[in-house]
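Heads up, my_file_10.txt below (compact mmCIF, C-alpha atoms and all ligand atoms):
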# COMPACT_ATOMS: atom_id res chain seq x y z
CA MET X 1 10.40 -93.28 -33.33
CA LYS X 2 12.42 -96.45 -32.95
CA PHE X 3 13.89 -96.95 -29.44
CA ILE X 4 11.42 -94.40 -28.08
CA ASP X 5 7.85 -95.39 -28.96
CA GLU X 6 8.19 -98.93 -27.59
CA TYR X 7 9.00 -97.42 -24.22
CA ARG X 8 5.77 -95.43 -24.15
CA ASP X 9 3.60 -98.56 -24.48
CA PRO X 10 0.61 -98.16 -22.10
CA LYS X 11 0.35 -101.90 -21.52
CA LEU X 12 3.94 -102.14 -20.29
CA PHE X 13 3.52 -98.94 -18.32
CA ASN X 14 0.42 -100.17 -16.50
CA TRP X 15 1.95 -103.53 -15.74
CA LEU X 16 5.05 -101.89 -14.29
CA LEU X 17 2.90 -99.50 -12.27
CA ALA X 18 1.01 -102.45 -10.79
CA ALA X 19 4.33 -104.13 -10.02
CA VAL X 20 5.66 -101.00 -8.33
CA ARG X 21 2.48 -100.68 -6.26
CA LYS X 22 2.65 -104.30 -5.18
CA ARG X 23 6.31 -104.08 -4.22
CA ALA X 24 5.75 -100.80 -2.38
CA GLY X 25 3.02 -102.51 -0.38
CA GLN X 26 5.60 -105.00 0.86
CA LEU X 27 7.71 -102.22 2.32
CA ASN X 28 6.52 -101.23 5.72
CA ARG X 29 7.94 -97.76 5.47
CA SER X 30 8.24 -94.77 3.22
CA ILE X 31 11.19 -94.41 0.91
CA THR X 32 12.69 -91.50 -0.97
CA ILE X 33 14.17 -91.81 -4.44
CA MET X 34 16.20 -88.97 -5.89
CA GLU X 35 16.49 -88.43 -9.60
CA VAL X 36 19.79 -86.79 -10.44
CA CYS X 37 18.96 -85.71 -13.96
CA GLY X 38 16.90 -82.82 -15.22
CA SER X 39 15.56 -84.91 -18.08
CA HIS X 40 14.15 -87.37 -15.54
CA THR X 41 12.53 -84.49 -13.65
CA ASN X 42 10.98 -83.33 -16.89
CA ALA X 43 9.74 -86.79 -17.92
CA ILE X 44 8.35 -87.55 -14.45
CA GLY X 45 6.37 -84.29 -14.64
CA ARG X 46 5.29 -84.80 -18.21
CA TYR X 47 3.88 -88.28 -17.64
CA GLY X 48 2.43 -87.44 -14.21
CA ILE X 49 4.41 -90.27 -12.63
CA ARG X 50 4.75 -88.64 -9.21
CA GLY X 51 0.97 -88.64 -8.77
CA LEU X 52 0.58 -92.28 -9.83
CA LEU X 53 3.01 -93.77 -7.35
CA PRO X 54 1.89 -95.19 -4.03
CA GLU X 55 2.07 -92.79 -1.10
CA ASN X 56 5.09 -94.41 0.47
CA ILE X 57 7.32 -93.69 -2.52
CA ARG X 58 8.52 -90.13 -2.64
CA LEU X 59 10.39 -88.86 -5.67
CA ILE X 60 12.62 -85.86 -5.18
CA SER X 61 14.81 -84.02 -7.64
CA GLY X 62 18.49 -83.50 -7.16
CA PRO X 63 21.15 -81.30 -8.73
CA GLY X 64 20.67 -82.61 -12.27
CA CYS X 65 20.16 -79.52 -14.34
CA PRO X 66 23.46 -77.97 -15.44
CA VAL X 67 22.26 -74.39 -15.70
CA CYS X 68 20.61 -74.65 -12.27
CA VAL X 69 23.77 -75.76 -10.49
CA THR X 70 25.98 -73.15 -12.16
CA ALA X 71 27.12 -70.88 -9.36
CA ILE X 72 26.04 -67.26 -9.47
CA GLN X 73 29.72 -66.18 -9.64
CA GLU X 74 30.08 -68.26 -12.80
CA VAL X 75 26.99 -66.65 -14.32
CA ASP X 76 28.33 -63.17 -13.50
CA ALA X 77 31.69 -64.07 -15.06
CA ALA X 78 29.93 -65.31 -18.21
CA LEU X 79 28.02 -62.02 -18.43
CA PHE X 80 31.31 -60.14 -18.09
CA LEU X 81 32.93 -62.18 -20.89
CA ALA X 82 29.91 -61.68 -23.15
CA ARG X 83 30.17 -57.90 -22.67
CA GLN X 84 33.79 -57.65 -23.86
CA PRO X 85 33.87 -55.62 -27.07
CA ASP X 86 35.88 -58.06 -29.20
CA VAL X 87 34.03 -61.15 -27.96
CA LEU X 88 31.49 -63.25 -29.80
CA PHE X 89 29.93 -65.29 -27.01
CA ALA X 90 28.46 -68.68 -27.95
CA SER X 91 26.12 -70.48 -25.59
CA PHE X 92 23.50 -73.21 -25.47
CA GLY X 93 20.05 -71.66 -25.46
CA ASP X 94 19.18 -72.86 -21.93
CA MET X 95 21.72 -70.50 -20.47
CA LEU X 96 20.30 -67.29 -21.91
CA ARG X 97 17.72 -66.44 -19.28
CA VAL X 98 19.64 -67.70 -16.26
CA PRO X 99 19.77 -64.78 -13.86
CA GLY X 100 23.03 -63.47 -12.48
CA THR X 101 23.33 -60.85 -9.79
CA LYS X 102 20.57 -58.21 -10.00
CA ARG X 103 18.68 -60.41 -12.48
CA ARG X 104 21.06 -59.60 -15.33
CA SER X 105 21.21 -62.39 -17.92
CA LEU X 106 22.81 -63.17 -21.28
CA GLU X 107 19.48 -62.30 -22.85
CA LYS X 108 19.62 -58.83 -21.28
CA GLU X 109 23.27 -58.37 -22.25
CA ARG X 110 22.32 -59.23 -25.80
CA ALA X 111 19.49 -56.69 -25.78
CA ASP X 112 22.08 -54.14 -24.61
CA GLY X 113 24.33 -54.91 -27.56
CA ALA X 114 26.52 -57.87 -26.63
CA ASP X 115 27.18 -60.30 -29.49
CA ILE X 116 25.74 -63.53 -28.14
CA ARG X 117 24.92 -66.48 -30.40
CA VAL X 118 22.93 -69.57 -29.50
CA VAL X 119 24.56 -72.80 -30.63
CA ASP X 120 23.30 -76.39 -30.45
CA SER X 121 26.77 -77.86 -30.48
CA ALA X 122 30.28 -76.77 -29.51
CA VAL X 123 31.30 -77.77 -33.06
CA GLU X 124 29.59 -74.63 -34.39
CA CYS X 125 32.26 -72.58 -32.63
CA LEU X 126 34.92 -73.87 -35.01
CA ASP X 127 32.93 -72.44 -37.87
CA LEU X 128 32.31 -69.18 -36.03
CA ALA X 129 36.04 -68.84 -35.33
CA GLN X 130 36.95 -69.34 -38.97
CA LYS X 131 34.29 -66.96 -40.27
CA ASN X 132 35.07 -64.23 -37.74
CA PRO X 133 38.89 -64.02 -37.66
CA ASP X 134 38.82 -60.56 -36.04
CA ARG X 135 36.66 -61.72 -33.11
CA GLN X 136 37.39 -63.79 -30.02
CA ILE X 137 34.90 -66.66 -29.87
CA VAL X 138 34.14 -67.61 -26.28
CA PHE X 139 32.11 -70.79 -25.80
CA MET X 140 30.22 -71.25 -22.55
CA GLY X 141 31.34 -74.76 -21.62
CA ILE X 142 28.56 -75.99 -19.41
CA GLY X 143 27.10 -79.39 -18.66
CA PHE X 144 27.90 -82.75 -17.15
CA GLU X 145 29.78 -85.73 -18.54
CA THR X 146 27.33 -86.09 -21.42
CA THR X 147 28.34 -82.71 -22.77
CA SER X 148 31.91 -82.02 -21.68
CA PRO X 149 33.60 -84.61 -23.96
CA ALA X 150 32.19 -82.70 -26.97
CA ALA X 151 33.79 -79.47 -25.74
CA ALA X 152 37.06 -81.36 -25.23
CA SER X 153 36.90 -82.76 -28.74
CA VAL X 154 36.32 -79.31 -30.23
CA VAL X 155 39.28 -77.89 -28.29
CA LYS X 156 41.48 -80.70 -29.60
CA THR X 157 40.38 -79.94 -33.16
CA ALA X 158 41.01 -76.21 -32.63
CA LYS X 159 44.50 -77.00 -31.37
CA SER X 160 45.37 -79.28 -34.27
CA HIS X 161 44.07 -76.70 -36.77
CA ALA X 162 45.86 -73.87 -34.94
CA ILE X 163 42.63 -71.94 -34.46
CA SER X 164 43.67 -69.26 -32.00
CA ASN X 165 40.56 -67.06 -31.68
CA LEU X 166 38.54 -69.66 -29.77
CA ALA X 167 38.37 -70.05 -26.00
CA VAL X 168 36.10 -71.99 -23.65
CA PHE X 169 34.74 -70.72 -20.36
CA SER X 170 34.56 -74.05 -18.57
CA VAL X 171 31.97 -74.33 -15.84
CA HIS X 172 31.53 -78.04 -16.58
CA LYS X 173 30.60 -80.14 -13.62
CA VAL X 174 31.16 -83.77 -12.75
CA ILE X 175 28.30 -85.80 -11.28
CA PRO X 176 29.77 -88.47 -8.93
CA PRO X 177 31.41 -86.01 -6.48
CA ALA X 178 28.05 -84.22 -6.17
CA ILE X 179 26.35 -87.50 -5.28
CA ASP X 180 29.08 -88.12 -2.74
CA ALA X 181 28.48 -84.65 -1.26
CA LEU X 182 24.74 -85.30 -1.06
CA LEU X 183 25.32 -88.61 0.69
CA SER X 184 27.37 -86.78 3.30
CA ASP X 185 24.61 -84.25 4.00
CA PRO X 186 22.90 -85.17 7.27
CA LEU X 187 19.73 -83.31 6.21
CA LEU X 188 19.23 -85.53 3.24
CA SER X 189 17.74 -88.97 3.52
CA VAL X 190 17.64 -90.75 0.22
CA ASP X 191 17.14 -94.51 -0.08
CA GLY X 192 17.92 -94.83 -3.76
CA PHE X 193 19.13 -92.89 -6.76
CA MET X 194 17.65 -92.87 -10.23
CA LEU X 195 20.93 -92.28 -12.02
CA PRO X 196 21.25 -90.21 -15.19
CA GLY X 197 21.03 -92.15 -18.45
CA HIS X 198 23.24 -90.14 -20.73
CA VAL X 199 25.84 -89.06 -18.18
CA SER X 200 26.24 -92.80 -17.58
CA THR X 201 26.58 -93.47 -21.32
CA ILE X 202 29.98 -91.87 -20.81
CA LEU X 203 30.74 -92.94 -17.23
CA GLY X 204 29.41 -96.50 -17.04
CA THR X 205 28.70 -98.01 -13.62
CA ALA X 206 32.08 -97.87 -11.86
CA ALA X 207 31.89 -94.15 -11.11
CA TYR X 208 28.97 -94.71 -8.76
CA SER X 209 30.47 -97.31 -6.42
CA ILE X 210 30.19 -94.91 -3.48
CA ILE X 211 26.38 -95.22 -3.56
CA ALA X 212 26.26 -98.92 -2.75
CA ARG X 213 29.11 -98.51 -0.28
CA ARG X 214 26.87 -96.11 1.59
CA GLY X 215 24.05 -98.64 1.49
CA ARG X 216 21.90 -96.94 -1.11
CA ALA X 217 20.30 -98.35 -4.25
CA GLY X 218 21.26 -96.98 -7.67
CA VAL X 219 19.76 -97.67 -11.07
CA ILE X 220 20.87 -96.00 -14.31
CA THR X 221 17.55 -95.21 -15.92
CA GLY X 222 16.28 -94.13 -19.34
CA PHE X 223 13.90 -91.30 -20.11
CA GLU X 224 10.68 -92.81 -21.39
CA PRO X 225 7.78 -93.64 -19.04
CA VAL X 226 8.41 -97.40 -19.20
CA ASP X 227 12.09 -96.81 -18.41
CA ILE X 228 11.29 -94.67 -15.41
CA LEU X 229 8.83 -97.13 -13.88
CA GLU X 230 11.19 -100.04 -14.50
CA GLY X 231 13.97 -98.02 -12.88
CA ILE X 232 11.79 -97.39 -9.84
CA LEU X 233 10.87 -101.09 -9.69
CA MET X 234 14.55 -102.09 -9.81
CA ILE X 235 15.35 -99.61 -7.02
CA LEU X 236 12.53 -101.08 -4.94
CA GLU X 237 13.80 -104.63 -5.53
CA GLN X 238 17.27 -103.58 -4.36
CA ILE X 239 15.89 -101.93 -1.23
CA ILE X 240 13.62 -104.87 -0.36
CA SER X 241 16.34 -107.48 -0.90
CA GLY X 242 19.01 -105.36 0.79
CA ASP X 243 21.34 -106.19 -2.09
CA VAL X 244 22.23 -102.65 -3.17
CA LYS X 245 24.41 -102.06 -6.25
CA THR X 246 24.63 -99.96 -9.38
CA GLU X 247 22.40 -101.54 -12.00
CA ILE X 248 21.55 -100.50 -15.53
CA GLN X 249 17.92 -100.33 -16.57
CA TYR X 250 18.80 -98.25 -19.66
CA ARG X 251 20.69 -101.01 -21.48
CA ARG X 252 20.10 -99.59 -24.95
CA GLY X 253 21.98 -96.43 -23.98
CA VAL X 254 24.57 -97.50 -21.43
CA LYS X 255 27.29 -100.11 -21.31
CA GLU X 256 28.82 -101.34 -18.08
CA GLU X 257 32.13 -99.73 -19.00
CA GLY X 258 30.56 -96.54 -20.37
CA ASN X 259 32.38 -94.88 -23.26
CA PRO X 260 36.14 -95.05 -22.60
CA ALA X 261 36.98 -93.24 -25.85
CA ALA X 262 34.98 -90.19 -24.81
CA ARG X 263 36.49 -90.29 -21.32
CA ARG X 264 39.97 -90.41 -22.83
CA ILE X 265 39.38 -87.26 -24.87
CA LEU X 266 37.80 -85.55 -21.87
CA ASN X 267 40.76 -86.43 -19.66
CA GLU X 268 43.28 -85.38 -22.25
CA VAL X 269 41.94 -81.81 -22.31
CA PHE X 270 40.50 -81.29 -18.85
CA GLU X 271 41.35 -82.27 -15.30
CA PRO X 272 39.16 -82.21 -12.21
CA ALA X 273 39.20 -79.18 -9.93
CA ASP X 274 37.16 -77.99 -6.99
CA SER X 275 34.00 -76.32 -8.12
CA HIS X 276 31.22 -74.27 -6.63
CA TRP X 277 27.68 -75.57 -7.13
CA ARG X 278 24.63 -73.48 -6.55
CA GLY X 279 22.94 -74.81 -3.47
CA LEU X 280 25.58 -77.40 -2.68
CA GLY X 281 28.56 -75.07 -2.25
CA MET X 282 32.15 -76.04 -2.95
CA ILE X 283 32.59 -79.70 -3.86
CA PRO X 284 36.10 -81.13 -4.20
CA LYS X 285 37.08 -82.25 -7.70
CA SER X 286 33.62 -81.66 -9.12
CA GLY X 287 34.54 -79.25 -11.91
CA LEU X 288 36.77 -79.38 -14.98
CA VAL X 289 39.68 -77.04 -15.76
CA PHE X 290 42.08 -77.12 -18.69
CA ARG X 291 45.22 -79.20 -18.47
CA GLN X 292 48.53 -77.39 -18.95
CA GLU X 293 48.83 -78.22 -22.67
CA TYR X 294 45.43 -76.71 -23.40
CA ARG X 295 45.48 -73.65 -21.15
CA GLY X 296 45.72 -71.40 -24.20
CA PHE X 297 42.02 -72.18 -24.77
CA ASP X 298 40.95 -71.24 -21.25
CA ALA X 299 38.78 -68.10 -21.36
CA SER X 300 39.31 -67.53 -17.64
CA ILE X 301 43.06 -67.20 -18.33
CA ARG X 302 42.84 -65.33 -21.61
CA PHE X 303 40.56 -62.67 -20.13
CA ASP X 304 41.11 -60.83 -16.93
CA ILE X 305 37.88 -61.66 -15.11
CA PRO X 306 37.47 -59.48 -12.02
CA ALA X 307 36.08 -60.81 -8.74
CA PHE X 308 32.38 -60.02 -8.45
CA ASP X 309 30.28 -59.29 -5.46
CA SER X 310 27.84 -61.94 -6.62
CA GLN X 311 24.54 -62.32 -4.86
CA ASP X 312 21.83 -64.92 -5.30
CA ALA X 313 18.35 -63.46 -5.66
CA SER X 314 16.95 -62.98 -2.19
CA GLY X 315 14.13 -65.34 -1.41
CA CYS X 316 15.14 -67.92 -4.03
CA ARG X 317 15.38 -71.36 -2.47
CA CYS X 318 16.95 -73.10 -5.46
CA GLY X 319 19.67 -74.44 -3.19
CA ASP X 320 17.15 -76.31 -1.06
CA VAL X 321 15.32 -77.49 -4.17
CA LEU X 322 18.56 -78.86 -5.66
CA LYS X 323 19.25 -80.84 -2.50
CA GLY X 324 15.70 -82.18 -2.43
CA ILE X 325 15.06 -80.51 0.94
CA ILE X 326 11.97 -78.71 -0.32
CA SER X 327 9.85 -79.25 -3.40
CA PRO X 328 9.31 -76.17 -5.60
CA PRO X 329 5.75 -75.33 -4.48
CA GLU X 330 7.12 -74.94 -0.95
CA CYS X 331 9.12 -71.93 -2.13
CA PRO X 332 7.08 -68.78 -1.40
CA GLN X 333 8.13 -67.21 -4.72
CA PHE X 334 6.96 -70.19 -6.80
CA GLY X 335 4.35 -69.12 -9.32
CA SER X 336 4.15 -65.58 -7.96
CA ALA X 337 7.41 -63.58 -7.98
CA CYS X 338 9.09 -66.41 -9.88
CA LEU X 339 7.68 -67.58 -13.19
CA PRO X 340 9.27 -69.25 -16.23
CA ARG X 341 9.03 -66.07 -18.29
CA ASN X 342 10.60 -63.98 -15.53
CA PRO X 343 12.60 -66.37 -13.37
CA LEU X 344 14.00 -65.32 -10.03
CA GLY X 345 16.27 -68.33 -9.79
CA PRO X 346 17.84 -70.71 -12.33
CA CYS X 347 15.66 -73.67 -11.34
CA MET X 348 12.76 -71.87 -13.05
CA VAL X 349 14.60 -71.35 -16.33
CA SER X 350 15.48 -74.46 -18.26
CA ALA X 351 13.00 -77.19 -19.20
CA GLU X 352 15.16 -79.43 -17.03
CA GLY X 353 14.92 -77.14 -14.03
CA THR X 354 12.93 -78.61 -11.16
CA CYS X 355 10.85 -75.49 -10.52
CA ALA X 356 10.11 -75.06 -14.23
CA ALA X 357 9.08 -78.72 -14.56
CA TYR X 358 6.76 -78.46 -11.56
CA TYR X 359 5.28 -75.23 -12.84
CA LYS X 360 4.65 -76.61 -16.29
CA TYR X 361 3.07 -79.87 -15.22
CA GLN X 362 1.40 -78.98 -11.92
CA MET U 1 20.41 -79.42 -22.63
CA CYS U 2 21.32 -82.99 -21.76
CA ILE U 3 18.74 -84.29 -24.17
CA ALA U 4 20.05 -87.01 -26.43
CA PHE U 5 18.23 -88.89 -29.18
CA PRO U 6 18.63 -92.16 -31.02
CA GLY U 7 19.07 -91.65 -34.74
CA LYS U 8 19.90 -93.86 -37.71
CA ILE U 9 23.10 -93.24 -39.63
CA VAL U 10 22.33 -92.51 -43.28
CA SER U 11 25.77 -91.42 -44.46
CA ILE U 12 29.32 -91.12 -43.20
CA ASP U 13 32.05 -88.82 -44.48
CA ASP U 14 35.24 -89.19 -42.46
CA ASN U 15 34.34 -88.19 -38.87
CA ARG U 16 31.01 -86.69 -39.81
CA ALA U 17 27.84 -88.76 -40.05
CA VAL U 18 24.39 -87.68 -41.06
CA ILE U 19 21.68 -89.22 -38.91
CA ASP U 20 17.97 -89.45 -39.45
CA ILE U 21 15.67 -88.74 -36.53
CA GLU U 22 12.08 -89.25 -37.61
CA GLY U 23 12.73 -87.73 -41.02
CA THR U 24 14.90 -84.88 -39.71
CA ARG U 25 18.53 -85.00 -40.80
CA ARG U 26 21.29 -83.87 -38.51
CA ASP U 27 25.05 -83.95 -38.42
CA ALA U 28 26.62 -86.16 -35.79
CA PHE U 29 30.38 -86.12 -35.33
CA LEU U 30 31.95 -89.48 -34.64
CA ASP U 31 35.02 -88.37 -32.67
CA LEU U 32 33.63 -89.57 -29.35
CA ILE U 33 32.17 -92.92 -30.30
CA ASP U 34 34.09 -95.96 -29.10
CA GLU U 35 32.86 -98.52 -31.61
CA GLU U 36 32.91 -98.96 -35.37
CA VAL U 37 29.71 -97.68 -36.88
CA THR U 38 28.27 -98.09 -40.35
CA ILE U 39 25.27 -96.87 -42.30
CA GLY U 40 22.08 -98.24 -40.78
CA ASP U 41 23.39 -98.32 -37.21
CA TYR U 42 21.49 -96.48 -34.52
CA VAL U 43 23.49 -94.09 -32.42
CA ILE U 44 22.58 -91.89 -29.48
CA CYS U 45 23.46 -88.31 -30.28
CA HIS U 46 23.97 -85.40 -28.00
CA ALA U 47 24.87 -81.82 -28.88
CA GLY U 48 26.16 -82.71 -32.34
CA PHE U 49 28.14 -85.81 -31.36
CA ALA U 50 27.32 -89.51 -31.49
CA ILE U 51 28.13 -90.85 -28.02
CA HIS U 52 26.86 -94.42 -28.13
CA LYS U 53 26.05 -97.18 -30.59
CA VAL U 54 22.77 -98.86 -29.72
CA ASP U 55 23.05 -102.63 -29.47
CA GLU U 56 19.82 -103.45 -31.30
CA GLU U 57 19.93 -107.12 -30.45
CA LEU U 58 20.26 -106.42 -26.74
CA ALA U 59 17.50 -103.82 -26.80
CA ARG U 60 15.16 -106.20 -28.60
CA GLU U 61 15.87 -109.05 -26.19
CA LYS U 62 15.32 -106.89 -23.17
CA LEU U 63 12.03 -105.54 -24.46
CA ALA U 64 10.86 -109.05 -25.39
CA LEU U 65 11.64 -110.20 -21.86
CA LEU U 66 9.61 -107.37 -20.37
CA ARG U 67 6.70 -108.11 -22.74
CA GLU U 68 6.83 -111.76 -21.79
CA LEU U 69 6.63 -110.89 -18.11
CA THR U 70 3.57 -108.70 -18.67
CA ASP U 71 1.86 -111.44 -20.69
CA HIS U 72 2.29 -113.88 -17.86
CA GLU U 73 1.10 -111.37 -15.30
CA VAL U 74 3.56 -112.20 -12.60
CA TYR U 75 2.14 -109.26 -10.65
S1 LIG X 401 10.47 -71.13 -7.43
FE1 LIG X 401 11.92 -69.61 -8.22
S2 LIG X 401 12.60 -68.50 -6.43
FE2 LIG X 401 11.71 -70.41 -5.69
S3 LIG X 401 13.40 -71.86 -5.59
FE3 LIG X 401 12.49 -72.10 -7.61
S4 LIG X 401 13.71 -70.76 -8.91
FE4 LIG X 401 14.12 -70.09 -6.80

Would you kindly transcribe this structure into structure tokens?
Ligand code: SF4
Amino acid sequence: MKFIDEYRDPKLFNWLLAAVRKRAGQLNRSITIMEVCGSHTNAIGRYGIRGLLPENIRLISGPGCPVCVTAIQEVDAALFLARQPDVLFASFGDMLRVPGTKRRSLEKERADGADIRVVDSAVECLDLAQKNPDRQIVFMGIGFETTSPAAASVVKTAKSHAISNLAVFSVHKVIPPAIDALLSDPLLSVDGFMLPGHVSTILGTAAYSIIARRGRAGVITGFEPVDILEGILMILEQIISGDVKTEIQYRRGVKEEGNPAARRILNEVFEPADSHWRGLGMIPKSGLVFRQEYRGFDASIRFDIPAFDSQDASGCRCGDVLKGIISPPECPQFGSACLPRNPLGPCMVSAEGTCAAYYKYQ
Amino acid sequence: MCIAFPGKIVSIDDNRAVIDIEGTRRDAFLDLIDEEVTIGDYVICHAGFAIHKVDEELAREKLALLRELTDHEVY
């Protein structure tokens, strides 16, 4: 496939690996690089990159999988919405097995009779709304900046077409405040960030200025093996030279200025609000809520969602995994009480989840 | 969920393009893209929307540079 196969070229890969090894040898210490994107976690596992790197380069995974960072309260609220008798609940497939309190999930609600449909795009909800005029379509609005502009665009279309039986339950999250929160965590020592390719397609480089200000390297990296090694090499070069900044390795997917048109649509419909992340807790301005003019589409206003006594599964250490404090195999439940087909925590669910990626490729 | 793919635009009807990904056709809405696109352009698509036009020239140059480095074995 064009723009993919070239970046799987073994010759380029091996050359970059040799370059990374040589550069790592010039460091007289160990460094930690955090990837903040579930697709990186998956690709690193798939191509066995962690095992190929020299010992003094440690790769850890951060809070880059949207279903993993969704707070348990948000999962419980989604389950509540899906159970409402007049609701047709539309969700991306990744969300279906994410456990809420007492290991309930959308999949289990569906087995018990809830009308839950898997969609690949928020656009499908417009169709669902028109074909089911007697139902309330509730879309689970989840994801980072790659995904949230699409939800915003669909809401704008629904408004201009006066579609009134569509609402969005927005648990969207915004990446830069989470990176800021991680940088403030004294337990975390990260030397450089492998920044998410497609989130940055929208954001560009400016959103990450905090990273260099805190003296850390940052490289926006693509998802093929050659991209990942080149990203690591660029991070190493920054660390060795001391000249830290936000660079783009993934030029074919990201412009310096990002995608201002998508950001405009996003900002027209949503505004930032404090949000609760699994593992990281409350982070200021890290979520998205509807602006005044669009509140009619807000499922959390349209429905009376009660407060839940939400509880994370006991023994699940997803929070520590998402902060890179432990790697999945260090969790006692990993591979025993917690397996992809019966996950205890959300990090074991999605293909982008750190625990699931480790389990699959270990 | 955040997976996005490059695909080639094969047709455009108003704000709706059809893209080809390795022989598979998919709809890609153009509401979020910030540049003019035409048939034959490559766009990165995510969850039913085109979010970026690939600058083919830039991609080719960058890859050529990397290939040149490997040929000269700087490392
Ligand atoms: S292995 Fe399972 S229980 Fe342990 S942290 Fe990961 S998701 Fe949670």

Listing only residues of chain X within 10 Å of ligand LIG 401 (chain X), what is the closest atom pair and its distance in Å (to one decimal) for each, using all atoms listed in the file, sorted by chain and residue number ascending, as CSV?
residue,atom,partner,partner_atom,distance
X:Cys68,CA,X:LIG401,S4,8.6
X:Val98,CA,X:LIG401,S4,9.9
X:Pro99,CA,X:LIG401,S4,9.8
X:Asp312,CA,X:LIG401,FE4,9.4
X:Ala313,CA,X:LIG401,S2,7.7
X:Ser314,CA,X:LIG401,S2,8.2
X:Gly315,CA,X:LIG401,S2,6.1
X:Cys316,CA,X:LIG401,S2,3.5
X:Arg317,CA,X:LIG401,S3,3.7
X:Cys318,CA,X:LIG401,S3,3.8
X:Gly319,CA,X:LIG401,S3,7.2
X:Asp320,CA,X:LIG401,S3,7.4
X:Val321,CA,X:LIG401,S3,6.1
X:Leu322,CA,X:LIG401,S3,8.7
X:Ile326,CA,X:LIG401,S3,8.8
X:Ser327,CA,X:LIG401,S3,8.5
X:Pro328,CA,X:LIG401,S1,5.5
X:Pro329,CA,X:LIG401,S1,7.0
X:Glu330,CA,X:LIG401,FE2,8.0
X:Cys331,CA,X:LIG401,FE2,4.7
X:Pro332,CA,X:LIG401,FE2,6.5
X:Gln333,CA,X:LIG401,FE2,4.9
X:Phe334,CA,X:LIG401,S1,3.7
X:Gly335,CA,X:LIG401,S1,6.7
X:Ser336,CA,X:LIG401,S1,8.4
X:Ala337,CA,X:LIG401,S2,7.3
X:Cys338,CA,X:LIG401,FE1,4.6
X:Leu339,CA,X:LIG401,FE1,6.8
X:Pro340,CA,X:LIG401,FE1,8.4
X:Asn342,CA,X:LIG401,FE1,9.3
X:Pro343,CA,X:LIG401,FE1,6.1
X:Leu344,CA,X:LIG401,S2,5.0
X:Gly345,CA,X:LIG401,S4,3.6
X:Pro346,CA,X:LIG401,S4,5.4
X:Cys347,CA,X:LIG401,S4,4.3
X:Met348,CA,X:LIG401,S4,4.4
X:Val349,CA,X:LIG401,S4,7.5
X:Gly353,CA,X:LIG401,S4,8.3
X:Thr354,CA,X:LIG401,FE3,7.4
X:Cys355,CA,X:LIG401,FE3,4.8
X:Ala356,CA,X:LIG401,FE3,7.6
X:Tyr358,CA,X:LIG401,S1,9.2
X:Tyr359,CA,X:LIG401,S1,8.5

Check your understanding: Please, which residues are within 12 Å of (25.9, -102.4, -14.7) by the file's coordinates, counting all atoms listed in the file, and could they come as a PyMOL selection string?
Key -> chain X and resi 195+197+200-201+203-209+218-221+245-251+253-258

Would you save the residues of that selection, restricted to C-alpha atoms, as a PDB file, keeping the file's coordinate frame?
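Final file, selection_7.pdb:
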ATOM      1  CA  LEU X 195      20.930 -92.280 -12.020  1.00  0.00           C
ATOM      2  CA  GLY X 197      21.030 -92.150 -18.450  1.00  0.00           C
ATOM      3  CA  SER X 200      26.240 -92.800 -17.580  1.00  0.00           C
ATOM      4  CA  THR X 201      26.580 -93.470 -21.320  1.00  0.00           C
ATOM      5  CA  LEU X 203      30.740 -92.940 -17.230  1.00  0.00           C
ATOM      6  CA  GLY X 204      29.410 -96.500 -17.040  1.00  0.00           C
ATOM      7  CA  THR X 205      28.700 -98.010 -13.620  1.00  0.00           C
ATOM      8  CA  ALA X 206      32.080 -97.870 -11.860  1.00  0.00           C
ATOM      9  CA  ALA X 207      31.890 -94.150 -11.110  1.00  0.00           C
ATOM     10  CA  TYR X 208      28.970 -94.710  -8.760  1.00  0.00           C
ATOM     11  CA  SER X 209      30.470 -97.310  -6.420  1.00  0.00           C
ATOM     12  CA  GLY X 218      21.260 -96.980  -7.670  1.00  0.00           C
ATOM     13  CA  VAL X 219      19.760 -97.670 -11.070  1.00  0.00           C
ATOM     14  CA  ILE X 220      20.870 -96.000 -14.310  1.00  0.00           C
ATOM     15  CA  THR X 221      17.550 -95.210 -15.920  1.00  0.00           C
ATOM     16  CA  LYS X 245      24.410-102.060  -6.250  1.00  0.00           C
ATOM     17  CA  THR X 246      24.630 -99.960  -9.380  1.00  0.00           C
ATOM     18  CA  GLU X 247      22.400-101.540 -12.000  1.00  0.00           C
ATOM     19  CA  ILE X 248      21.550-100.500 -15.530  1.00  0.00           C
ATOM     20  CA  GLN X 249      17.920-100.330 -16.570  1.00  0.00           C
ATOM     21  CA  TYR X 250      18.800 -98.250 -19.660  1.00  0.00           C
ATOM     22  CA  ARG X 251      20.690-101.010 -21.480  1.00  0.00           C
ATOM     23  CA  GLY X 253      21.980 -96.430 -23.980  1.00  0.00           C
ATOM     24  CA  VAL X 254      24.570 -97.500 -21.430  1.00  0.00           C
ATOM     25  CA  LYS X 255      27.290-100.110 -21.310  1.00  0.00           C
ATOM     26  CA  GLU X 256      28.820-101.340 -18.080  1.00  0.00           C
ATOM     27  CA  GLU X 257      32.130 -99.730 -19.000  1.00  0.00           C
ATOM     28  CA  GLY X 258      30.560 -96.540 -20.370  1.00  0.00           C
TER      29      GLY X 258
END

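Note that the spacing between CA of Met194 (chain X) and CA of Glu352 (chain X) amounts to 15.3 Å.
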
Exercise for review: Tell me the residues of chain U close to chain X, meaning within 8 Å using only C-alpha atoms, as a list in words.
Suggested key: Met1, Cys2, Ile3, Ala4, Pro6, Ile21, Glu22, Asp31, Leu32, Ile33, Asp34, Ile44, His46, Ala47, Gly48, Phe49, Ile51, His52, Lys53, Val54, Asp55, Glu56, Leu58, Ala59, Leu66, Arg67, Thr70, Glu73 and Tyr75 of chain U
